[in-house]
>>> print(open('start_34.json').read())   # JSON, C-alpha atoms and all ligand atoms
[["chain", "number", "residue", "atom", "x", "y", "z"],
["A", 142, "MET", "CA", 108.64, 98.47, 91.06],
["A", 143, "ARG", "CA", 112.33, 98.59, 91.92],
["A", 144, "ASP", "CA", 114.23, 95.37, 92.53],
["A", 145, "ASN", "CA", 114.41, 95.61, 96.28],
["A", 146, "THR", "CA", 110.77, 96.51, 96.79],
["A", 147, "VAL", "CA", 108.43, 93.74, 97.84],
["A", 148, "LYS", "CA", 104.68, 94.11, 97.96],
["A", 149, "ILE", "CA", 102.86, 91.95, 100.52],
["A", 150, "LEU", "CA", 99.11, 91.93, 101.08],
["A", 151, "VAL", "CA", 97.64, 91.20, 104.50],
["A", 152, "THR", "CA", 94.19, 89.74, 104.06],
["A", 153, "GLY", "CA", 91.66, 87.47, 105.79],
["A", 154, "PRO", "CA", 88.27, 87.71, 107.45],
["A", 155, "PHE", "CA", 86.85, 90.73, 109.24],
["A", 156, "ASN", "CA", 88.22, 91.56, 112.69],
["A", 157, "THR", "CA", 91.38, 89.47, 112.58],
["A", 158, "GLY", "CA", 93.90, 92.29, 113.13],
["A", 159, "LYS", "CA", 94.87, 93.23, 109.56],
["A", 160, "THR", "CA", 94.76, 96.99, 110.15],
["A", 161, "THR", "CA", 96.46, 96.54, 113.53],
["A", 162, "LEU", "CA", 99.33, 94.57, 111.96],
["A", 163, "VAL", "CA", 99.99, 97.24, 109.31],
["A", 164, "ARG", "CA", 99.79, 99.97, 111.96],
["A", 165, "THR", "CA", 102.11, 98.14, 114.37],
["A", 166, "VAL", "CA", 104.95, 97.66, 111.90],
["A", 167, "SER", "CA", 104.59, 101.20, 110.54],
["A", 168, "GLU", "CA", 105.76, 103.02, 113.68],
["A", 169, "GLY", "CA", 103.02, 105.57, 113.13],
["A", 170, "LYS", "CA", 103.55, 106.47, 109.47],
["A", 171, "PHE", "CA", 100.68, 104.71, 107.83],
["A", 172, "LEU", "CA", 97.61, 105.32, 105.74],
["A", 173, "SER", "CA", 94.27, 103.77, 106.54],
["A", 174, "THR", "CA", 90.75, 103.99, 105.17],
["A", 175, "GLU", "CA", 88.72, 103.08, 108.21],
["A", 176, "VAL", "CA", 85.18, 104.32, 108.63],
["A", 177, "PRO", "CA", 82.86, 104.14, 111.66],
["A", 178, "LEU", "CA", 80.92, 100.92, 111.97],
["A", 179, "THR", "CA", 77.59, 100.91, 113.75],
["A", 180, "LEU", "CA", 76.32, 97.36, 113.47],
["A", 181, "SER", "CA", 79.17, 95.42, 115.06],
["A", 182, "LYS", "CA", 79.56, 94.62, 118.75],
["A", 183, "GLU", "CA", 83.23, 93.77, 118.31],
["A", 184, "LYS", "CA", 84.54, 96.81, 116.47],
["A", 185, "ASN", "CA", 83.92, 100.53, 116.00],
["A", 186, "THR", "CA", 85.57, 100.89, 112.60],
["A", 187, "THR", "CA", 86.12, 98.93, 109.42],
["A", 188, "THR", "CA", 88.53, 99.17, 106.50],
["A", 189, "VAL", "CA", 86.82, 100.12, 103.24],
["A", 190, "ALA", "CA", 89.71, 100.34, 100.78],
["A", 191, "PHE", "CA", 93.12, 99.44, 102.25],
["A", 192, "ASP", "CA", 95.77, 100.05, 104.90],
["A", 193, "PHE", "CA", 99.26, 100.89, 103.77],
["A", 194, "THR", "CA", 102.74, 101.35, 105.12],
["A", 195, "LYS", "CA", 106.31, 101.10, 103.91],
["A", 196, "VAL", "CA", 108.90, 99.43, 106.09],
["A", 197, "ARG", "CA", 112.51, 98.30, 105.64],
["A", 198, "ILE", "CA", 113.16, 94.68, 106.57],
["A", 199, "LYS", "CA", 116.19, 92.55, 105.63],
["A", 200, "GLY", "CA", 117.46, 95.28, 103.30],
["A", 201, "LYS", "CA", 114.22, 95.32, 101.37],
["A", 202, "GLU", "CA", 111.58, 97.99, 101.07],
["A", 203, "ILE", "CA", 108.33, 96.29, 102.04],
["A", 204, "PHE", "CA", 105.10, 97.76, 100.74],
["A", 205, "LEU", "CA", 102.65, 96.32, 103.22],
["A", 206, "LEU", "CA", 98.97, 96.57, 102.37],
["A", 207, "GLY", "CA", 95.96, 95.46, 104.39],
["A", 208, "SER", "CA", 92.72, 94.54, 102.66],
["A", 209, "PRO", "CA", 89.16, 95.10, 103.88],
["A", 210, "GLY", "CA", 87.72, 92.01, 105.61],
["A", 211, "GLN", "CA", 84.04, 92.39, 104.92],
["A", 212, "SER", "CA", 82.75, 90.33, 102.00],
["A", 213, "ARG", "CA", 81.04, 93.30, 100.40],
["A", 214, "PHE", "CA", 84.52, 94.69, 99.65],
["A", 215, "SER", "CA", 85.95, 91.46, 98.26],
["A", 216, "PHE", "CA", 86.28, 93.03, 94.78],
["A", 217, "MET", "CA", 89.18, 95.01, 96.29],
["A", 218, "LEU", "CA", 91.24, 91.83, 96.54],
["A", 219, "ASP", "CA", 91.89, 91.81, 92.78],
["A", 220, "VAL", "CA", 92.89, 95.46, 92.80],
["A", 221, "LEU", "CA", 95.19, 95.15, 95.80],
["A", 222, "SER", "CA", 96.75, 91.89, 94.61],
["A", 223, "GLN", "CA", 98.36, 93.50, 91.56],
["A", 224, "GLY", "CA", 102.09, 92.86, 91.79],
["A", 225, "VAL", "CA", 102.08, 91.16, 95.20],
["A", 226, "LYS", "CA", 104.86, 88.71, 95.96],
["A", 227, "ALA", "CA", 103.01, 86.98, 98.82],
["A", 228, "PHE", "CA", 99.93, 87.05, 101.00],
["A", 229, "ILE", "CA", 99.62, 87.01, 104.76],
["A", 230, "PHE", "CA", 96.24, 85.49, 105.63],
["A", 231, "LEU", "CA", 95.11, 86.29, 109.16],
["A", 232, "ILE", "CA", 92.94, 84.05, 111.30],
["A", 233, "ASP", "CA", 91.34, 85.05, 114.56],
["A", 234, "ASP", "CA", 92.61, 83.30, 117.69],
["A", 235, "LYS", "CA", 89.09, 82.85, 119.04],
["A", 236, "TYR", "CA", 88.04, 81.27, 115.78],
["A", 237, "ILE", "CA", 84.75, 83.14, 115.68],
["A", 238, "GLU", "CA", 84.43, 83.02, 111.91],
["A", 239, "ASP", "CA", 82.85, 79.91, 110.42],
["A", 240, "PRO", "CA", 85.78, 77.64, 109.37],
["A", 241, "GLN", "CA", 84.04, 76.91, 106.09],
["A", 242, "LYS", "CA", 84.02, 80.62, 105.26],
["A", 243, "ILE", "CA", 87.67, 80.96, 106.20],
["A", 244, "ARG", "CA", 88.47, 78.07, 103.90],
["A", 245, "GLU", "CA", 86.54, 79.67, 101.04],
["A", 246, "LYS", "CA", 88.52, 82.88, 101.44],
["A", 247, "LEU", "CA", 91.77, 80.95, 101.58],
["A", 248, "ASP", "CA", 90.87, 78.97, 98.46],
["A", 249, "GLU", "CA", 90.05, 82.22, 96.67],
["A", 250, "LEU", "CA", 93.51, 83.49, 97.59],
["A", 251, "LYS", "CA", 95.28, 80.37, 96.33],
["A", 252, "ARG", "CA", 94.02, 81.17, 92.84],
["A", 253, "TYR", "CA", 96.59, 83.98, 92.62],
["A", 254, "GLY", "CA", 99.36, 81.36, 92.74],
["A", 255, "LYS", "CA", 101.54, 83.27, 95.21],
["A", 256, "PRO", "CA", 103.00, 82.07, 98.51],
["A", 257, "ILE", "CA", 100.61, 82.34, 101.46],
["A", 258, "VAL", "CA", 101.56, 82.53, 105.13],
["A", 259, "ILE", "CA", 98.76, 82.00, 107.64],
["A", 260, "GLY", "CA", 99.12, 84.28, 110.65],
["A", 261, "ILE", "CA", 97.13, 83.41, 113.75],
["A", 262, "ASN", "CA", 96.71, 86.60, 115.73],
["A", 263, "MET", "CA", 96.79, 85.61, 119.40],
["A", 264, "ARG", "CA", 95.82, 89.09, 120.73],
["A", 265, "GLY", "CA", 97.77, 88.39, 123.87],
["A", 266, "ASN", "CA", 95.94, 85.13, 124.60],
["A", 267, "LYS", "CA", 98.00, 82.10, 125.48],
["A", 268, "GLY", "CA", 95.78, 79.16, 124.60],
["A", 269, "LEU", "CA", 95.21, 78.38, 120.95],
["A", 270, "LYS", "CA", 92.16, 76.42, 119.96],
["A", 271, "LYS", "CA", 93.60, 73.15, 118.69],
["A", 272, "GLU", "CA", 91.29, 72.87, 115.73],
["A", 273, "ILE", "CA", 92.65, 76.08, 114.21],
["A", 274, "SER", "CA", 96.07, 74.71, 113.50],
["A", 275, "SER", "CA", 94.83, 71.25, 112.58],
["A", 276, "ASP", "CA", 92.30, 72.74, 110.16],
["A", 277, "PHE", "CA", 94.73, 74.95, 108.33],
["A", 278, "ILE", "CA", 98.30, 73.84, 108.96],
["A", 279, "LYS", "CA", 98.31, 71.50, 105.98],
["A", 280, "ASP", "CA", 97.44, 74.32, 103.58],
["A", 281, "SER", "CA", 100.25, 76.79, 104.19],
["A", 282, "PRO", "CA", 102.88, 77.58, 106.82],
["A", 283, "VAL", "CA", 101.31, 78.91, 110.02],
["A", 284, "VAL", "CA", 102.92, 81.61, 112.16],
["A", 285, "ILE", "CA", 101.45, 82.44, 115.57],
["A", 286, "PHE", "CA", 101.90, 86.10, 116.47],
["A", 287, "SER", "CA", 100.29, 89.16, 118.04],
["A", 288, "ALA", "CA", 99.40, 92.11, 115.82],
["A", 289, "LYS", "CA", 99.90, 94.56, 118.66],
["A", 290, "ASP", "CA", 103.43, 93.36, 119.30],
["A", 291, "ARG", "CA", 105.96, 94.89, 116.91],
["A", 292, "PHE", "CA", 108.60, 92.22, 117.37],
["A", 293, "SER", "CA", 106.27, 89.32, 116.62],
["A", 294, "SER", "CA", 104.66, 91.21, 113.72],
["A", 295, "LEU", "CA", 108.08, 91.84, 112.16],
["A", 296, "LYS", "CA", 108.90, 88.16, 112.59],
["A", 297, "LEU", "CA", 105.78, 87.23, 110.64],
["A", 298, "ILE", "CA", 106.81, 89.54, 107.81],
["A", 299, "SER", "CA", 110.41, 88.30, 107.83],
["A", 300, "TYR", "CA", 109.11, 84.75, 107.59],
["A", 301, "THR", "CA", 107.04, 85.79, 104.56],
["A", 302, "ILE", "CA", 110.08, 87.39, 102.90],
["A", 303, "ASP", "CA", 112.05, 84.17, 103.44],
["A", 304, "LEU", "CA", 109.23, 82.16, 101.89],
["A", 305, "ILE", "CA", 109.23, 84.45, 98.83],
["A", 306, "GLU", "CA", 112.99, 83.89, 98.43],
["A", 307, "LYS", "CA", 112.66, 80.12, 98.84],
["A", 308, "THR", "CA", 109.85, 79.97, 96.29],
["A", 309, "LYS", "CA", 111.99, 81.94, 93.81],
["A", 310, "GLU", "CA", 114.85, 79.45, 94.18],
["A", 311, "LYS", "CA", 112.53, 76.54, 93.38],
["A", 312, "ASN", "CA", 111.29, 78.12, 90.13],
["A", 401, "LIG", "N1", 94.94, 92.89, 122.59],
["A", 401, "LIG", "C1", 95.08, 92.81, 121.27],
["A", 401, "LIG", "N2", 94.09, 93.28, 120.47],
["A", 401, "LIG", "C2", 94.25, 93.21, 119.13],
["A", 401, "LIG", "C3", 95.42, 92.64, 118.56],
["A", 401, "LIG", "N3", 95.29, 92.70, 117.21],
["A", 401, "LIG", "C4", 94.10, 93.28, 116.97],
["A", 401, "LIG", "N4", 93.48, 93.58, 118.12],
["A", 401, "LIG", "C5", 92.16, 94.21, 118.26],
["A", 401, "LIG", "O1", 91.23, 93.47, 117.45],
["A", 401, "LIG", "C6", 90.31, 94.34, 116.83],
["A", 401, "LIG", "C7", 90.31, 94.14, 115.33],
["A", 401, "LIG", "O2", 91.52, 94.62, 114.79],
["A", 401, "LIG", "P1", 91.61, 95.26, 113.31],
["A", 401, "LIG", "O3", 93.06, 95.47, 113.09],
["A", 401, "LIG", "O4", 90.70, 96.42, 113.18],
["A", 401, "LIG", "O5", 91.04, 94.05, 112.43],
["A", 401, "LIG", "P2", 90.77, 93.99, 110.85],
["A", 401, "LIG", "O6", 89.30, 94.05, 110.68],
["A", 401, "LIG", "O7", 91.28, 92.64, 110.45],
["A", 401, "LIG", "O8", 91.51, 95.11, 110.20],
["A", 401, "LIG", "C8", 90.69, 95.76, 117.25],
["A", 401, "LIG", "O9", 89.86, 96.14, 118.33],
["A", 401, "LIG", "C9", 92.14, 95.62, 117.67],
["A", 401, "LIG", "O10", 92.49, 96.58, 118.65],
["A", 401, "LIG", "C10", 96.45, 92.14, 119.43],
["A", 401, "LIG", "O11", 97.50, 91.62, 119.01],
["A", 401, "LIG", "N5", 96.22, 92.26, 120.78],
["A", 402, "MG", "MG", 90.83, 96.60, 108.88]]
>>> encode(input="start_34.json", output="structure tokens")
Amino acid sequence: MRDNTVKILVTGPFNTGKTTLVRTVSEGKFLSTEVPLTLSKEKNTTTVAFDFTKVRIKGKEIFLLGSPGQSRFSFMLDVLSQGVKAFIFLIDDKYIEDPQKIREKLDELKRYGKPIVIGINMRGNKGLKKEISSDFIKDSPVVIFSAKDRFSSLKLISYTIDLIEKTKEKN
């Protein structure tokens, strides 16, 4: 990859807004691999391979990928993590996923040894369940945002780019 390209992987449990985040920052030019989902009350589609877009932020070309959320596709994480500079790990604002499972996924991600930013997708809600931040804030920086809002989604990515730069300086 060229010097000013930065690959970032958006990952996290099912139904946390990963595909929405990639779509929102893309301004329409994006690739997705969503297929119809019949067994879920919450969602009609699910990502089976990845979401992808390219976007310019802070003079850098960001390759933004979204992973599938369902555990049966977790083998994709290794494939998609090749060459990533950082991860954005999304958590649902309603905290429907079992915290223990979220933690397992997060621990799995830490094994790659790259910076992780936790994004809590508020989906337009104002109140944040207190336990979310207290459960996870000590692990990695937490950014509260909304995946449908372009401005807040770009802020989350900018934050991640800054963290990559800071981590580089330390090494
Ligand atoms: N209102 C609102 N809905 C959202 C937001 N982000 C995601 N959603 C909805 O949440 C659901 C799951 O989003 P999706 O991106 O498919 O989640 P993924 O499984 O993590 O890729 C979809 O119905 C989205 O429309 C948001 O910021 N605001
Ligand atoms: Mg998806």
>>> residues_around(input="start_34.json", residues="region 167-177 of chain A", least_positions_apart="6", cutoff="10 Å", atoms="only C-alpha atoms", output="PyMOL selection string")
chain A and resi 160-161+184-197+205-209+291
>>> atom_distance(input="start_34.json", atom1="CA of Arg252 (chain A)", atom2="CA of Ser215 (chain A)")
14.2 Å
>>> residues_near_ligand(input="start_34.json", ligand="ligand LIG 401 (chain A)", cutoff="6 Å", atoms="all atoms listed in the file", output="list in words")
Phe155, Asn156, Thr157, Gly158, Lys159, Thr160, Thr161, Lys184, Thr187, Gly210, Arg264, Gly265, Ser287, Ala288 and Lys289 of chain A
>>> residues_near_point(input="start_34.json", point="(95.9, 84.5, 103.3)", cutoff="7 Å", atoms="all atoms listed in the file", output="list of chain:residue names")
A:Thr152, A:Gly153, A:Phe228, A:Ile229, A:Phe230, A:Leu231, A:Leu247, A:Leu250, A:Ile257, A:Val258, A:Ile259
>>> closest_residue(input="start_34.json", among="A:Glu238, A:Asp219, A:Asp248, A:Glu202", to="Asp280 (chain A)", atoms="only C-alpha atoms")
A:Asp248
>>> closest_residue(input="start_34.json", among="A:Lys309, A:Lys235, A:Lys267, A:Lys296", to="Lys199 (chain A)", atoms="all atoms listed in the file")
A:Lys296
>>> residues_around(input="start_34.json", residues="Lys201 (chain A)", least_positions_apart="4", cutoff="10 Å", atoms="only C-alpha atoms", output="short mmCIF file (atom, residue, chain, number, x, y, z; two decimals) with C-alpha atoms, in the frame of the given file")
data_model
loop_
_atom_site.label_atom_id
_atom_site.label_comp_id
_atom_site.auth_asym_id
_atom_site.auth_seq_id
_atom_site.Cartn_x
_atom_site.Cartn_y
_atom_site.Cartn_z
CA ASP A 144 114.23 95.37 92.53
CA ASN A 145 114.41 95.61 96.28
CA THR A 146 110.77 96.51 96.79
CA VAL A 147 108.43 93.74 97.84
CA VAL A 196 108.90 99.43 106.09
CA ARG A 197 112.51 98.30 105.64
CA ILE A 302 110.08 87.39 102.90
#
>>> atom_distance(input="start_34.json", atom1="CA of Gln241 (chain A)", atom2="CA of Ile305 (chain A)")
27.3 Å
>>> atom_distance(input="start_34.json", atom1="CA of Phe214 (chain A)", atom2="CA of Ile285 (chain A)")
26.3 Å
>>> closest_residue(input="start_34.json", among="A:Val163, A:Leu218, A:Leu295, A:Asp234", to="Gly268 (chain A)", atoms="all atoms listed in the file")
A:Asp234
>>> closest_residue(input="start_34.json", among="A:Lys311, A:Val220, A:Asp290, A:Pro154", to="ligand MG 402 (chain A)", atoms="only C-alpha atoms and all ligand atoms")
A:Pro154
>>> closest_residue(input="start_34.json", among="A:Ile203, A:Lys279, A:Leu150, A:Ser181", to="Ser299 (chain A)", atoms="all atoms listed in the file")
A:Ile203
>>> closest_residue(input="start_34.json", among="A:Asp233, A:Asp276, A:Ile298, A:Val284", to="Phe204 (chain A)", atoms="all atoms listed in the file")
A:Ile298
>>> axis_aligned_box(input="start_34.json", around="region 292-307 of chain A", padding_each_side="5 Å", output="JSON")
{"center_x": 108.8, "center_y": 86.2, "center_z": 107.9, "size_x": 18.3, "size_y": 22.1, "size_z": 28.9}
>>> build_atoms(input="start_34.json", residues="region 259-270 of chain A", atoms="all heavy atoms", output="short mmCIF file (atom, residue, chain, number, x, y, z; two decimals), in the frame of the given file")
data_model
loop_
_atom_site.label_atom_id
_atom_site.label_comp_id
_atom_site.auth_asym_id
_atom_site.auth_seq_id
_atom_site.Cartn_x
_atom_site.Cartn_y
_atom_site.Cartn_z
N ILE A 259 99.92 81.80 106.77
CA ILE A 259 98.76 82.00 107.64
C ILE A 259 99.26 82.54 108.98
O ILE A 259 100.12 81.93 109.62
CB ILE A 259 97.99 80.67 107.85
CG1 ILE A 259 97.44 80.18 106.49
CG2 ILE A 259 96.86 80.85 108.87
CD1 ILE A 259 96.71 78.86 106.56
N GLY A 260 98.75 83.70 109.36
CA GLY A 260 99.12 84.28 110.65
C GLY A 260 97.95 84.13 111.61
O GLY A 260 96.85 84.57 111.31
N ILE A 261 98.20 83.50 112.74
CA ILE A 261 97.13 83.41 113.75
C ILE A 261 97.40 84.48 114.81
O ILE A 261 98.42 84.43 115.51
CB ILE A 261 97.05 82.01 114.38
CG1 ILE A 261 96.75 80.98 113.26
CG2 ILE A 261 95.94 81.97 115.44
CD1 ILE A 261 96.70 79.55 113.72
N ASN A 262 96.52 85.46 114.85
CA ASN A 262 96.71 86.60 115.73
C ASN A 262 96.21 86.25 117.13
O ASN A 262 95.02 86.15 117.37
CB ASN A 262 95.94 87.80 115.17
CG ASN A 262 96.16 89.05 116.00
OD1 ASN A 262 96.94 89.06 116.93
ND2 ASN A 262 95.45 90.10 115.64
N MET A 263 97.15 86.09 118.06
CA MET A 263 96.79 85.61 119.40
C MET A 263 96.23 86.72 120.30
O MET A 263 95.73 86.44 121.38
CB MET A 263 98.01 84.97 120.07
CG MET A 263 98.40 83.65 119.43
SD MET A 263 97.04 82.48 119.35
CE MET A 263 96.88 82.03 121.07
N ARG A 264 96.34 87.96 119.92
CA ARG A 264 95.82 89.09 120.73
C ARG A 264 96.16 88.95 122.21
O ARG A 264 95.33 89.22 123.08
CB ARG A 264 94.30 89.20 120.60
CG ARG A 264 93.88 89.46 119.18
CD ARG A 264 92.42 89.76 119.15
NE ARG A 264 91.84 89.08 118.02
CZ ARG A 264 90.93 89.60 117.23
NH1 ARG A 264 90.47 90.79 117.45
NH2 ARG A 264 90.47 88.94 116.20
N GLY A 265 97.36 88.48 122.48
CA GLY A 265 97.77 88.39 123.87
C GLY A 265 97.26 87.15 124.60
O GLY A 265 97.62 86.90 125.74
N ASN A 266 96.43 86.35 123.95
CA ASN A 266 95.94 85.13 124.60
C ASN A 266 96.99 84.04 124.51
O ASN A 266 97.77 83.99 123.56
CB ASN A 266 94.67 84.63 123.92
CG ASN A 266 93.56 85.64 124.02
OD1 ASN A 266 93.42 86.31 125.04
ND2 ASN A 266 92.77 85.76 122.97
N LYS A 267 96.98 83.15 125.50
CA LYS A 267 98.00 82.10 125.48
C LYS A 267 97.49 80.84 124.80
O LYS A 267 98.15 80.25 123.99
CB LYS A 267 98.46 81.80 126.90
CG LYS A 267 99.31 82.93 127.45
CD LYS A 267 100.37 82.42 128.42
CE LYS A 267 101.31 83.53 128.83
NZ LYS A 267 100.68 84.55 129.68
N GLY A 268 96.28 80.43 125.15
CA GLY A 268 95.78 79.16 124.60
C GLY A 268 95.32 79.32 123.16
O GLY A 268 94.69 80.30 122.81
N LEU A 269 95.66 78.37 122.34
CA LEU A 269 95.21 78.38 120.95
C LEU A 269 94.26 77.21 120.75
O LEU A 269 94.57 76.08 121.12
CB LEU A 269 96.42 78.22 120.03
CG LEU A 269 96.12 78.07 118.54
CD1 LEU A 269 95.49 79.33 117.98
CD2 LEU A 269 97.39 77.75 117.78
N LYS A 270 93.10 77.51 120.21
CA LYS A 270 92.16 76.42 119.96
C LYS A 270 92.80 75.42 119.00
O LYS A 270 93.21 75.78 117.91
CB LYS A 270 90.87 76.97 119.36
CG LYS A 270 89.96 77.58 120.38
CD LYS A 270 88.56 77.64 119.83
CE LYS A 270 87.60 78.03 120.91
NZ LYS A 270 86.24 78.17 120.42
#
